[in-house]
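Structure file query_4.pdb (PDB, C-alpha atoms) follows.
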```
ATOM      1  CA  MET A   1     225.514 194.879 -16.160
ATOM      2  CA  THR A   2     228.029 192.245 -15.071
ATOM      3  CA  THR A   3     227.297 188.878 -13.489
ATOM      4  CA  GLY A   4     228.889 190.101 -10.273
ATOM      5  CA  ASP A   5     226.663 193.177 -10.286
ATOM      6  CA  ALA A   6     223.547 191.050 -10.720
ATOM      7  CA  ALA A   7     224.604 188.751  -7.873
ATOM      8  CA  LYS A   8     225.242 191.728  -5.582
ATOM      9  CA  PHE A   9     221.872 193.185  -6.541
ATOM     10  CA  LEU A  10     220.017 190.034  -5.512
ATOM     11  CA  ALA A  11     222.125 189.428  -2.417
ATOM     12  CA  GLY A  12     221.690 193.033  -1.304
ATOM     13  CA  SER A  13     218.040 192.667  -0.407
ATOM     14  CA  PRO A  14     215.856 189.660   0.437
ATOM     15  CA  GLU A  15     212.890 191.797  -0.637
ATOM     16  CA  ARG A  16     214.148 191.880  -4.223
ATOM     17  CA  ARG A  17     214.428 188.089  -4.349
ATOM     18  CA  ARG A  18     210.974 187.627  -2.858
ATOM     19  CA  LEU A  19     209.485 190.208  -5.211
ATOM     20  CA  LEU A  20     210.991 188.641  -8.319
ATOM     21  CA  THR A  21     209.952 185.161  -7.165
ATOM     22  CA  SER A  22     206.384 186.371  -6.642
ATOM     23  CA  LEU A  23     206.266 187.995 -10.084
ATOM     24  CA  SER A  24     207.505 184.802 -11.715
ATOM     25  CA  ALA A  25     204.436 183.050 -10.292
ATOM     26  CA  ASP A  26     201.756 185.670 -11.059
ATOM     27  CA  PRO A  27     201.572 189.247 -12.387
ATOM     28  CA  ALA A  28     200.556 191.738  -9.690
ATOM     29  CA  THR A  29     200.112 195.391  -8.870
ATOM     30  CA  PRO A  30     202.411 197.183  -6.421
ATOM     31  CA  ALA A  31     199.583 197.245  -3.874
ATOM     32  CA  ASP A  32     199.043 193.490  -4.201
ATOM     33  CA  LEU A  33     202.751 192.831  -3.809
ATOM     34  CA  ALA A  34     203.064 195.092  -0.774
ATOM     35  CA  GLU A  35     200.207 193.252   0.949
ATOM     36  CA  THR A  36     201.292 189.750  -0.037
ATOM     37  CA  LEU A  37     204.941 190.215   0.879
ATOM     38  CA  ASP A  38     204.328 192.511   3.868
ATOM     39  CA  VAL A  39     206.640 195.143   2.402
ATOM     40  CA  SER A  40     206.060 198.884   2.307
ATOM     41  CA  ARG A  41     204.530 200.289  -0.873
ATOM     42  CA  ARG A  42     207.510 202.616  -1.279
ATOM     43  CA  SER A  43     210.001 199.745  -1.148
ATOM     44  CA  VAL A  44     207.953 197.743  -3.629
ATOM     45  CA  GLN A  45     207.873 200.652  -6.093
ATOM     46  CA  ARG A  46     211.626 201.162  -5.794
ATOM     47  CA  HIS A  47     212.432 197.491  -6.291
ATOM     48  CA  LEU A  48     210.021 197.157  -9.212
ATOM     49  CA  LYS A  49     211.713 200.069 -10.985
ATOM     50  CA  ASP A  50     215.087 198.352 -10.531
ATOM     51  CA  LEU A  51     213.711 195.064 -11.879
ATOM     52  CA  VAL A  52     212.258 196.796 -14.936
ATOM     53  CA  ASP A  53     215.514 198.679 -15.547
ATOM     54  CA  ARG A  54     217.377 195.368 -15.539
ATOM     55  CA  GLY A  55     214.945 193.760 -17.942
ATOM     56  CA  TRP A  56     213.787 191.250 -15.357
ATOM     57  CA  ALA A  57     210.201 192.573 -15.215
ATOM     58  CA  THR A  58     207.777 194.551 -17.365
ATOM     59  CA  LYS A  59     204.809 196.794 -16.581
ATOM     60  CA  THR A  60     201.495 196.585 -18.450
ATOM     61  CA  ASP A  61     198.363 198.509 -17.406
ATOM     62  CA  GLY A  62     199.665 198.991 -13.883
ATOM     63  CA  ARG A  63     200.522 195.324 -13.370
ATOM     64  CA  TYR A  64     204.035 193.912 -13.261
ATOM     65  CA  GLU A  65     205.194 190.521 -14.436
ATOM     66  CA  SER A  66     208.564 188.851 -14.793
ATOM     67  CA  THR A  67     210.230 188.534 -18.165
ATOM     68  CA  THR A  68     211.780 185.329 -19.438
ATOM     69  CA  THR A  69     215.098 186.671 -18.192
ATOM     70  CA  GLY A  70     213.593 187.312 -14.776
ATOM     71  CA  GLU A  71     212.205 183.793 -14.599
ATOM     72  CA  LEU A  72     215.618 182.364 -15.485
ATOM     73  CA  VAL A  73     217.205 184.508 -12.778
ATOM     74  CA  VAL A  74     214.714 183.189 -10.208
ATOM     75  CA  GLU A  75     215.282 179.579 -11.250
ATOM     76  CA  GLU A  76     219.070 179.748 -11.299
ATOM     77  CA  HIS A  77     219.264 181.749  -8.090
ATOM     78  CA  ALA A  78     217.090 179.180  -6.338
ATOM     79  CA  THR A  79     219.408 176.434  -7.622
ATOM     80  CA  TYR A  80     222.404 178.390  -6.338
ATOM     81  CA  LEU A  81     220.876 178.843  -2.880
ATOM     82  CA  ASP A  82     219.882 175.176  -2.777
ATOM     83  CA  ALA A  83     223.449 174.182  -3.654
ATOM     84  CA  LEU A  84     224.848 176.343  -0.848
ATOM     85  CA  ASP A  85     222.399 174.809   1.614
ATOM     86  CA  ARG A  86     223.426 171.307   0.516
ATOM     87  CA  ILE A  87     227.124 172.135   0.782
ATOM     88  CA  ASP A  88     226.506 173.335   4.320
ATOM     89  CA  ALA A  89     224.386 170.306   5.245
ATOM     90  CA  PHE A  90     226.907 167.809   3.851
ATOM     91  CA  GLY A  91     229.958 169.773   5.004
ATOM     92  CA  PRO A  92     230.991 167.156   7.616
ATOM     93  CA  PHE A  93     231.055 164.591   4.799
ATOM     94  CA  PHE A  94     232.750 166.692   2.111
ATOM     95  CA  ARG A  95     235.533 168.011   4.316
ATOM     96  CA  HIS A  96     236.877 164.508   5.011
ATOM     97  CA  LEU A  97     236.918 163.250   1.400
ATOM     98  CA  PRO A  98     240.304 163.038  -0.350
ATOM     99  CA  ASP A  99     239.587 165.416  -3.270
ATOM    100  CA  SER A 100     237.000 166.461  -5.849
ATOM    101  CA  ASP A 101     237.493 163.231  -7.834
ATOM    102  CA  HIS A 102     236.060 161.355  -4.862
ATOM    103  CA  THR A 103     233.175 163.769  -4.301
ATOM    104  CA  PRO A 104     229.678 163.068  -5.673
ATOM    105  CA  GLU A 105     227.882 165.958  -7.349
ATOM    106  CA  LEU A 106     225.577 168.034  -5.183
ATOM    107  CA  ARG A 107     222.503 167.338  -7.303
ATOM    108  CA  TRP A 108     222.896 163.606  -6.661
ATOM    109  CA  LEU A 109     222.585 164.131  -2.910
ATOM    110  CA  ARG A 110     219.151 165.743  -2.969
ATOM    111  CA  ASP A 111     217.549 162.700  -1.336
ATOM    112  CA  ALA A 112     220.651 161.209   0.294
ATOM    113  CA  THR A 113     220.738 160.364   3.998
ATOM    114  CA  LEU A 114     223.654 161.643   6.066
ATOM    115  CA  ARG A 115     224.918 160.535   9.469
ATOM    116  CA  THR A 116     227.792 162.320  11.183
ATOM    117  CA  ALA A 117     229.839 161.737  14.294
ATOM    118  CA  THR A 118     229.121 164.148  17.125
ATOM    119  CA  GLU A 119     230.643 164.678  20.523
ATOM    120  CA  GLN A 120     227.532 163.148  22.093
ATOM    121  CA  HIS A 121     227.325 160.267  19.576
ATOM    122  CA  PRO A 122     230.727 159.596  17.985
ATOM    123  CA  GLN A 123     229.662 156.165  16.687
ATOM    124  CA  ALA A 124     226.552 157.430  14.856
ATOM    125  CA  PRO A 125     227.955 156.941  11.321
ATOM    126  CA  VAL A 126     229.290 153.482  12.218
ATOM    127  CA  GLU A 127     225.932 152.381  13.574
ATOM    128  CA  PHE A 128     224.189 153.820  10.521
ATOM    129  CA  TYR A 129     226.557 151.966   8.179
ATOM    130  CA  VAL A 130     226.036 148.632   9.938
ATOM    131  CA  GLU A 131     222.257 149.096   9.971
ATOM    132  CA  ARG A 132     222.090 149.926   6.261
ATOM    133  CA  VAL A 133     224.479 147.148   5.182
ATOM    134  CA  ARG A 134     222.261 144.613   6.927
ATOM    135  CA  ALA A 135     219.344 145.888   4.829
ATOM    136  CA  PHE A 136     221.148 145.225   1.528
ATOM    137  CA  ASP A 137     219.472 142.905  -0.964
ATOM    138  CA  GLY A 138     221.166 140.941  -3.724
ATOM    139  CA  ASP A 139     223.980 138.447  -4.020
ATOM    140  CA  ARG A 140     226.988 140.772  -4.414
ATOM    141  CA  VAL A 141     228.586 143.659  -2.541
ATOM    142  CA  ARG A 142     231.447 145.772  -3.858
ATOM    143  CA  MET A 143     233.533 147.606  -1.312
ATOM    144  CA  ILE A 144     236.522 149.938  -0.958
ATOM    145  CA  ALA A 145     237.824 150.331   2.588
ATOM    146  CA  PRO A 146     240.647 152.455   4.022
ATOM    147  CA  VAL A 147     240.875 150.295   7.152
ATOM    148  CA  LEU A 148     239.874 146.862   8.406
ATOM    149  CA  SER A 149     237.392 147.449  11.192
ATOM    150  CA  ARG A 150     235.932 144.748  13.410
ATOM    151  CA  LEU A 151     232.958 147.070  13.921
ATOM    152  CA  PHE A 152     231.905 146.222  10.359
ATOM    153  CA  HIS A 153     232.843 142.521  10.396
ATOM    154  CA  ARG A 154     229.601 141.209  11.916
ATOM    155  CA  ALA A 155     227.377 142.984   9.387
ATOM    156  CA  HIS A 156     229.427 141.723   6.438
ATOM    157  CA  ALA A 157     229.697 138.249   7.970
ATOM    158  CA  ASP A 158     225.889 138.134   8.082
ATOM    159  CA  LEU A 159     225.836 138.844   4.347
ATOM    160  CA  ALA A 160     228.394 136.110   3.773
ATOM    161  CA  PHE A 161     226.266 133.601   5.712
ATOM    162  CA  ASP A 162     223.463 134.451   3.271
ATOM    163  CA  GLY A 163     225.750 133.644   0.334
ATOM    164  CA  VAL A 164     226.477 137.261  -0.635
ATOM    165  CA  HIS A 165     229.839 137.638  -2.381
ATOM    166  CA  THR A 166     232.026 140.636  -1.477
ATOM    167  CA  ASP A 167     234.633 142.228  -3.727
ATOM    168  CA  LEU A 168     236.901 144.156  -1.358
ATOM    169  CA  VAL A 169     239.572 146.698  -2.304
ATOM    170  CA  LEU A 170     242.220 147.419   0.356
ATOM    171  CA  SER A 171     245.444 149.386   0.236
ATOM    172  CA  ALA A 172     248.750 147.530   0.144
ATOM    173  CA  SER A 173     249.660 148.972   3.546
ATOM    174  CA  THR A 174     246.394 147.787   5.117
ATOM    175  CA  ILE A 175     246.891 144.291   3.705
ATOM    176  CA  ALA A 176     250.502 144.199   4.916
ATOM    177  CA  ALA A 177     249.434 145.232   8.413
ATOM    178  CA  ALA A 178     246.731 142.544   8.506
ATOM    179  CA  ARG A 179     249.201 139.886   7.333
ATOM    180  CA  ASP A 180     251.792 140.918   9.908
ATOM    181  CA  LEU A 181     249.250 140.956  12.725
ATOM    182  CA  ASN A 182     247.947 137.435  12.088
ATOM    183  CA  PRO A 183     249.208 135.672   8.940
ATOM    184  CA  THR A 184     247.113 132.529   9.463
ATOM    185  CA  GLU A 185     243.887 134.416  10.033
ATOM    186  CA  PHE A 186     244.566 136.548   6.954
ATOM    187  CA  ASP A 187     245.102 133.465   4.786
ATOM    188  CA  VAL A 188     241.918 131.860   6.090
ATOM    189  CA  VAL A 189     239.791 134.967   5.592
ATOM    190  CA  THR A 190     241.048 135.590   2.063
ATOM    191  CA  SER A 191     240.491 131.954   1.139
ATOM    192  CA  VAL A 192     236.715 131.863   1.669
ATOM    193  CA  ASP A 193     234.736 131.558  -1.549
ATOM    194  CA  VAL A 194     232.465 134.533  -0.799
ATOM    195  CA  LEU A 195     235.325 137.052  -0.719
ATOM    196  CA  THR A 196     237.657 138.457  -3.367
ATOM    197  CA  VAL A 197     240.334 140.837  -2.089
ATOM    198  CA  TYR A 198     242.074 143.391  -4.304
ATOM    199  CA  GLU A 199     245.328 145.054  -3.304
ATOM    200  CA  TYR A 200     245.455 148.733  -4.260
ATOM    201  CA  PRO A 201     249.039 150.103  -4.454
ATOM    202  CA  ASP A 202     248.404 153.479  -2.801
ATOM    203  CA  GLU A 203     246.599 154.650   0.313
ATOM    204  CA  VAL A 204     242.807 154.656   0.316
ATOM    205  CA  GLY A 205     241.253 157.753   1.852
ATOM    206  CA  PHE A 206     237.525 156.945   1.817
ATOM    207  CA  GLY A 207     235.049 154.097   2.107
ATOM    208  CA  LEU A 208     232.549 152.924  -0.498
ATOM    209  CA  THR A 209     230.068 150.048  -0.397
ATOM    210  CA  LEU A 210     227.798 149.202  -3.320
ATOM    211  CA  GLY A 211     224.721 147.027  -3.003
ATOM    212  CA  ASP A 212     222.340 146.202  -5.842
ATOM    213  CA  ASP A 213     220.508 149.524  -5.870
ATOM    214  CA  ARG A 214     222.176 151.793  -3.321
ATOM    215  CA  LEU A 215     225.525 152.947  -2.093
ATOM    216  CA  LEU A 216     227.104 153.849   1.197
ATOM    217  CA  MET A 217     230.042 156.249   1.163
ATOM    218  CA  ALA A 218     232.146 156.908   4.232
ATOM    219  CA  ALA A 219     234.444 159.817   5.057
ATOM    220  CA  TYR A 220     237.281 159.357   7.558
ATOM    221  CA  ASP A 221     239.491 161.900   9.258
ATOM    222  CA  GLY A 222     243.272 161.738   9.132
ATOM    223  CA  ASP A 223     243.517 159.673  12.317
ATOM    224  CA  GLY A 224     241.222 156.916  11.047
ATOM    225  CA  PRO A 225     237.803 157.344  12.751
ATOM    226  CA  LEU A 226     234.698 157.373  10.575
ATOM    227  CA  ARG A 227     233.336 160.915  10.635
ATOM    228  CA  ALA A 228     230.399 160.807   8.226
ATOM    229  CA  CYS A 229     228.460 158.336   6.100
ATOM    230  CA  ILE A 230     225.871 158.839   3.377
ATOM    231  CA  GLU A 231     223.387 156.512   1.744
ATOM    232  CA  SER A 232     222.117 157.276  -1.758
ATOM    233  CA  THR A 233     219.822 155.521  -4.222
ATOM    234  CA  ASP A 234     220.212 158.195  -6.906
ATOM    235  CA  PRO A 235     220.913 156.366 -10.216
ATOM    236  CA  ASP A 236     223.483 158.919 -11.407
ATOM    237  CA  CYS A 237     225.310 158.808  -8.080
ATOM    238  CA  TYR A 238     225.274 155.010  -8.196
ATOM    239  CA  GLN A 239     226.746 154.929 -11.719
ATOM    240  CA  TRP A 240     229.451 157.397 -10.667
ATOM    241  CA  ALA A 241     230.283 155.201  -7.660
ATOM    242  CA  GLU A 242     230.448 152.110  -9.883
ATOM    243  CA  ARG A 243     232.958 153.834 -12.149
ATOM    244  CA  LEU A 244     234.995 154.882  -9.121
ATOM    245  CA  PHE A 245     235.033 151.313  -7.824
ATOM    246  CA  GLU A 246     236.066 149.894 -11.210
ATOM    247  CA  ARG A 247     238.867 152.448 -11.461
ATOM    248  CA  TYR A 248     240.290 151.195  -8.182
ATOM    249  CA  VAL A 249     239.914 147.543  -9.213
ATOM    250  CA  GLU A 250     241.681 148.179 -12.524
ATOM    251  CA  GLN A 251     244.682 149.542 -10.612
ATOM    252  CA  SER A 252     244.669 146.689  -8.108
ATOM    253  CA  THR A 253     246.024 143.136  -7.942
ATOM    254  CA  THR A 254     243.884 140.202  -6.849
ATOM    255  CA  ILE A 255     245.097 138.506  -3.674
ATOM    256  CA  ASP A 256     245.577 134.802  -4.352
ATOM    257  CA  SER A 257     244.967 132.590  -1.353
ATOM    258  CA  PRO A 258     246.986 129.362  -0.921
ATOM    259  CA  PHE A 259     243.738 127.383  -0.578
ATOM    260  CA  SER A 260     239.967 127.747  -1.019
ATOM    261  CA  VAL A 261     237.414 127.323   1.760
ATOM    262  CA  PRO A 262     233.627 127.172   1.211
ATOM    263  CA  PHE A 263     231.939 129.618   3.570
ATOM    264  CA  PRO A 264     229.051 128.067   5.557
ATOM    265  CA  ARG A 265     225.641 129.272   4.375
ATOM    266  CA  ARG A 266     222.492 129.625   6.399
ATOM    267  CA  LYS A 267     219.935 126.980   5.603
TER     268      LYS A 267
END
```
Rewrite the structure from the file as structure tokens, please.
Amino acid sequence: MTTGDAAKFLAGSPERRRLLTSLSADPATPADLAETLDVSRRSVQRHLKDLVDRGWATKTDGRYESTTTGELVVEEHATYLDALDRIDAFGPFFRHLPDSDHTPELRWLRDATLRTATEQHPQAPVEFYVERVRAFDGDRVRMIAPVLSRLFHRAHADLAFDGVHTDLVLSASTIAAARDLNPTEFDVVTSVDVLTVYEYPDEVGFGLTLGDDRLLMAAYDGDGPLRACIESTDPDCYQWAERLFERYVEQSTTIDSPFSVPFPRRK
């Protein structure tokens, strides 16, 4: 029996999956299984014979139970189906990420919150991002951004007024565009003592914001709009995101401002 054959066998009938799952919980007779699963007795008998032939179940005194192999099949198949469901649910997020190196593992997203742009609510992920950033605790935020958006400025300015320091990674092209648009404003913004700007040499194709215990990750389409945003507090996901941030910082150059300005704090 090949792996492909086993997968086809399970995929070929929902009744087989339900039967094997039931046997992994409790041994049962064919009559019990037919009643519990609302499946004909004939179908149950046929499927049980197949499960026994594959070594996934055994029969003792008229009762069937799953083998260790059968239990492993149930567990791994459930994991596989769960992964497919998660891929589908987070599809609007995954499809706009640059590549697999910038994609968190599926298991880390089990309890993550996702917001996506829709035709009826195109600003949903932006509003979600702003709302969650304002809920950040701590005295430091680390951020990678593909664009400079005034939609985010107010939320991050509120953090700055509270004395929160932001480490911000921007692409060289984004920094050049900001300088060209308003050189004085750029110098003033980069001079405040609650902001450190890093210039990354290549384009940045995603957004990442790290608070003390949670992260926000943003996926943009090719034209710039934010298409999806997730929030996660999973420790493994957070550590992965920290490593990703540090990798970008290591390849970046700190922007030195011509002067230093203390940012006003709230009293």
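Using all atoms listed in the file for every distance, the candidate list A:Leu244, A:Leu48, A:Leu168, A:Ala160 yields A:Leu168 as the residue closest to Ile144 in chain A.
Selection by the PyMOL selection byres ((chain A and resi 209) around 10) on the present file picks out Tyr129, Val133, Val141, Arg142, Met143, Ile144, Ala145, Thr166, Asp167, Leu168, Gly207, Leu208, Leu210, Gly211, Arg214, Leu215, Leu216, Met217, Ala218, Glu231, Ala241, Glu242 and Phe245 of chain A.
Distance-wise, CA of Ile87 in chain A and CA of Ile230 in chain A end up 13.6 Å apart.
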Legend entry - Spatial neighbours of Ala31 in chain A, 10 Å, all atoms listed in the file, chain gap at least 5 places, as a ChimeraX atom specification: /A:36,39-42,44-45,63
Inset, instruction - Could you tell me which residues the PyMOL selection byres ((chain A and resi 97-108) around 7) returns for this structure, as JSON, numbers by chain? - result: {"A": [83, 86, 93, 94, 95, 96, 109, 110, 205, 206, 219, 234, 236, 237]}
Could you write out the selected residues, including C-alpha atoms, as a compact mmCIF listing (two decimals), keeping the file's coordinate frame?
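The new file selection-v3.txt reads:
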```txt
# COMPACT_ATOMS: atom_id res chain seq x y z
CA ALA A 83 223.45 174.18 -3.65
CA ARG A 86 223.43 171.31 0.52
CA PHE A 93 231.06 164.59 4.80
CA PHE A 94 232.75 166.69 2.11
CA ARG A 95 235.53 168.01 4.32
CA HIS A 96 236.88 164.51 5.01
CA LEU A 109 222.58 164.13 -2.91
CA ARG A 110 219.15 165.74 -2.97
CA GLY A 205 241.25 157.75 1.85
CA PHE A 206 237.52 156.94 1.82
CA ALA A 219 234.44 159.82 5.06
CA ASP A 234 220.21 158.20 -6.91
CA ASP A 236 223.48 158.92 -11.41
CA CYS A 237 225.31 158.81 -8.08
```
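Of the residues under consideration (A:Ile175, A:Ala57, A:Leu159, A:Ala89), A:Ala89 shows the shortest atom-to-atom contact distance to Leu114 in chain A when counting only C-alpha atoms.
Shortest separation to Tyr248 in chain A among A:Ala7, A:Val188, A:Val52, A:Leu170 occurs at residue A:Leu170, atoms counted being all atoms listed in the file.
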Box centre and edge lengths (Å, one decimal), axis-aligned, range 167-170 of chain A plus 4 Å each side, as JSON:
```
{"center_x": 238.4, "center_y": 144.8, "center_z": -1.7, "size_x": 15.6, "size_y": 13.2, "size_z": 12.1}
```
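Separating CA of Ala228 in chain A from CA of Val197 in chain A is a distance of 24.6 Å.
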Inset, instruction - Extract, using all atoms listed in the file, all DNA, RNA and protein residues at most 12 Å from Ala178 in chain A, discarding same-chain residues fewer than 5 positions from it, and format them as a list in words. - result: Val147, Leu148, Ser149, Leu170, Ser171, Ala172, Ser173, Pro183, Thr184, Glu185, Phe186, Asp187, Val188, Val189 and Thr190 of chain A
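Among A:Gly163, A:Pro27, A:Pro225, A:Pro201, the residue with the shortest atom-to-atom distance to Ala124 in chain A, counting only C-alpha atoms, is A:Pro225.
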Inset, instruction - Apply the PyMOL selection byres ((chain A and resi 64) around 12) to the displayed file and report the matching residues as number ranges by chain. - result: A: 19-20, 22-33, 44-45, 47-49, 51-52, 55-63, 65-67, 70
Atoms kept (C-alpha atoms) for selection, written as a PDB file, keeping the file's coordinate frame:
```pdb
ATOM      1  CA  LEU A  19     209.485 190.208  -5.211  1.00  0.00           C
ATOM      2  CA  LEU A  20     210.991 188.641  -8.319  1.00  0.00           C
ATOM      3  CA  SER A  22     206.384 186.371  -6.642  1.00  0.00           C
ATOM      4  CA  LEU A  23     206.266 187.995 -10.084  1.00  0.00           C
ATOM      5  CA  SER A  24     207.505 184.802 -11.715  1.00  0.00           C
ATOM      6  CA  ALA A  25     204.436 183.050 -10.292  1.00  0.00           C
ATOM      7  CA  ASP A  26     201.756 185.670 -11.059  1.00  0.00           C
ATOM      8  CA  PRO A  27     201.572 189.247 -12.387  1.00  0.00           C
ATOM      9  CA  ALA A  28     200.556 191.738  -9.690  1.00  0.00           C
ATOM     10  CA  THR A  29     200.112 195.391  -8.870  1.00  0.00           C
ATOM     11  CA  PRO A  30     202.411 197.183  -6.421  1.00  0.00           C
ATOM     12  CA  ALA A  31     199.583 197.245  -3.874  1.00  0.00           C
ATOM     13  CA  ASP A  32     199.043 193.490  -4.201  1.00  0.00           C
ATOM     14  CA  LEU A  33     202.751 192.831  -3.809  1.00  0.00           C
ATOM     15  CA  VAL A  44     207.953 197.743  -3.629  1.00  0.00           C
ATOM     16  CA  GLN A  45     207.873 200.652  -6.093  1.00  0.00           C
ATOM     17  CA  HIS A  47     212.432 197.491  -6.291  1.00  0.00           C
ATOM     18  CA  LEU A  48     210.021 197.157  -9.212  1.00  0.00           C
ATOM     19  CA  LYS A  49     211.713 200.069 -10.985  1.00  0.00           C
ATOM     20  CA  LEU A  51     213.711 195.064 -11.879  1.00  0.00           C
ATOM     21  CA  VAL A  52     212.258 196.796 -14.936  1.00  0.00           C
ATOM     22  CA  GLY A  55     214.945 193.760 -17.942  1.00  0.00           C
ATOM     23  CA  TRP A  56     213.787 191.250 -15.357  1.00  0.00           C
ATOM     24  CA  ALA A  57     210.201 192.573 -15.215  1.00  0.00           C
ATOM     25  CA  THR A  58     207.777 194.551 -17.365  1.00  0.00           C
ATOM     26  CA  LYS A  59     204.809 196.794 -16.581  1.00  0.00           C
ATOM     27  CA  THR A  60     201.495 196.585 -18.450  1.00  0.00           C
ATOM     28  CA  ASP A  61     198.363 198.509 -17.406  1.00  0.00           C
ATOM     29  CA  GLY A  62     199.665 198.991 -13.883  1.00  0.00           C
ATOM     30  CA  ARG A  63     200.522 195.324 -13.370  1.00  0.00           C
ATOM     31  CA  GLU A  65     205.194 190.521 -14.436  1.00  0.00           C
ATOM     32  CA  SER A  66     208.564 188.851 -14.793  1.00  0.00           C
ATOM     33  CA  THR A  67     210.230 188.534 -18.165  1.00  0.00           C
ATOM     34  CA  GLY A  70     213.593 187.312 -14.776  1.00  0.00           C
TER      35      GLY A  70
END
```
Could I get range 92-104 of chain A from the block written out with N, CA, C and O atoms, as a PDB file, in the first residue's frame?
```pdb
ATOM      1  N   PRO A  92      -6.491  34.950   1.714  1.00  0.00           N
ATOM      2  CA  PRO A  92      -6.324  36.360   1.333  1.00  0.00           C
ATOM      3  C   PRO A  92      -5.067  36.990   1.915  1.00  0.00           C
ATOM      4  O   PRO A  92      -4.549  37.965   1.377  1.00  0.00           O
ATOM      5  N   PHE A  93      -4.570  36.445   3.011  1.00  0.00           N
ATOM      6  CA  PHE A  93      -3.331  36.921   3.622  1.00  0.00           C
ATOM      7  C   PHE A  93      -2.116  36.297   2.937  1.00  0.00           C
ATOM      8  O   PHE A  93      -1.194  36.998   2.506  1.00  0.00           O
ATOM      9  N   PHE A  94      -2.125  34.975   2.788  1.00  0.00           N
ATOM     10  CA  PHE A  94      -0.985  34.276   2.202  1.00  0.00           C
ATOM     11  C   PHE A  94      -0.685  34.727   0.771  1.00  0.00           C
ATOM     12  O   PHE A  94       0.471  34.886   0.390  1.00  0.00           O
ATOM     13  N   ARG A  95      -1.738  34.937  -0.011  1.00  0.00           N
ATOM     14  CA  ARG A  95      -1.513  35.174  -1.440  1.00  0.00           C
ATOM     15  C   ARG A  95      -0.816  36.509  -1.720  1.00  0.00           C
ATOM     16  O   ARG A  95      -0.288  36.712  -2.813  1.00  0.00           O
ATOM     17  N   HIS A  96      -0.813  37.414  -0.734  1.00  0.00           N
ATOM     18  CA  HIS A  96      -0.181  38.715  -0.939  1.00  0.00           C
ATOM     19  C   HIS A  96       1.165  38.849  -0.225  1.00  0.00           C
ATOM     20  O   HIS A  96       1.748  39.937  -0.230  1.00  0.00           O
ATOM     21  N   LEU A  97       1.673  37.765   0.368  1.00  0.00           N
ATOM     22  CA  LEU A  97       2.994  37.800   0.985  1.00  0.00           C
ATOM     23  C   LEU A  97       4.067  37.560  -0.072  1.00  0.00           C
ATOM     24  O   LEU A  97       3.806  36.881  -1.075  1.00  0.00           O
ATOM     25  N   PRO A  98       5.268  38.066   0.134  1.00  0.00           N
ATOM     26  CA  PRO A  98       6.307  37.973  -0.903  1.00  0.00           C
ATOM     27  C   PRO A  98       6.707  36.540  -1.268  1.00  0.00           C
ATOM     28  O   PRO A  98       6.847  36.209  -2.441  1.00  0.00           O
ATOM     29  N   ASP A  99       6.930  35.689  -0.259  1.00  0.00           N
ATOM     30  CA  ASP A  99       7.381  34.315  -0.505  1.00  0.00           C
ATOM     31  C   ASP A  99       7.269  33.526   0.790  1.00  0.00           C
ATOM     32  O   ASP A  99       6.822  34.038   1.822  1.00  0.00           O
ATOM     33  N   SER A 100       7.702  32.260   0.744  1.00  0.00           N
ATOM     34  CA  SER A 100       7.561  31.385   1.906  1.00  0.00           C
ATOM     35  C   SER A 100       8.421  31.838   3.082  1.00  0.00           C
ATOM     36  O   SER A 100       8.090  31.557   4.239  1.00  0.00           O
ATOM     37  N   ASP A 101       9.527  32.542   2.814  1.00  0.00           N
ATOM     38  CA  ASP A 101      10.372  33.040   3.901  1.00  0.00           C
ATOM     39  C   ASP A 101       9.661  34.095   4.747  1.00  0.00           C
ATOM     40  O   ASP A 101      10.063  34.369   5.882  1.00  0.00           O
ATOM     41  N   HIS A 102       8.639  34.700   4.190  1.00  0.00           N
ATOM     42  CA  HIS A 102       7.886  35.729   4.899  1.00  0.00           C
ATOM     43  C   HIS A 102       6.508  35.213   5.326  1.00  0.00           C
ATOM     44  O   HIS A 102       5.613  36.012   5.625  1.00  0.00           O
ATOM     45  N   THR A 103       6.355  33.906   5.374  1.00  0.00           N
ATOM     46  CA  THR A 103       5.070  33.302   5.700  1.00  0.00           C
ATOM     47  C   THR A 103       5.144  32.533   7.013  1.00  0.00           C
ATOM     48  O   THR A 103       5.927  31.590   7.130  1.00  0.00           O
ATOM     49  N   PRO A 104       4.361  32.904   8.021  1.00  0.00           N
ATOM     50  CA  PRO A 104       4.364  32.158   9.278  1.00  0.00           C
ATOM     51  C   PRO A 104       3.781  30.759   9.083  1.00  0.00           C
ATOM     52  O   PRO A 104       2.967  30.537   8.180  1.00  0.00           O
TER      53      PRO A 104
END
```
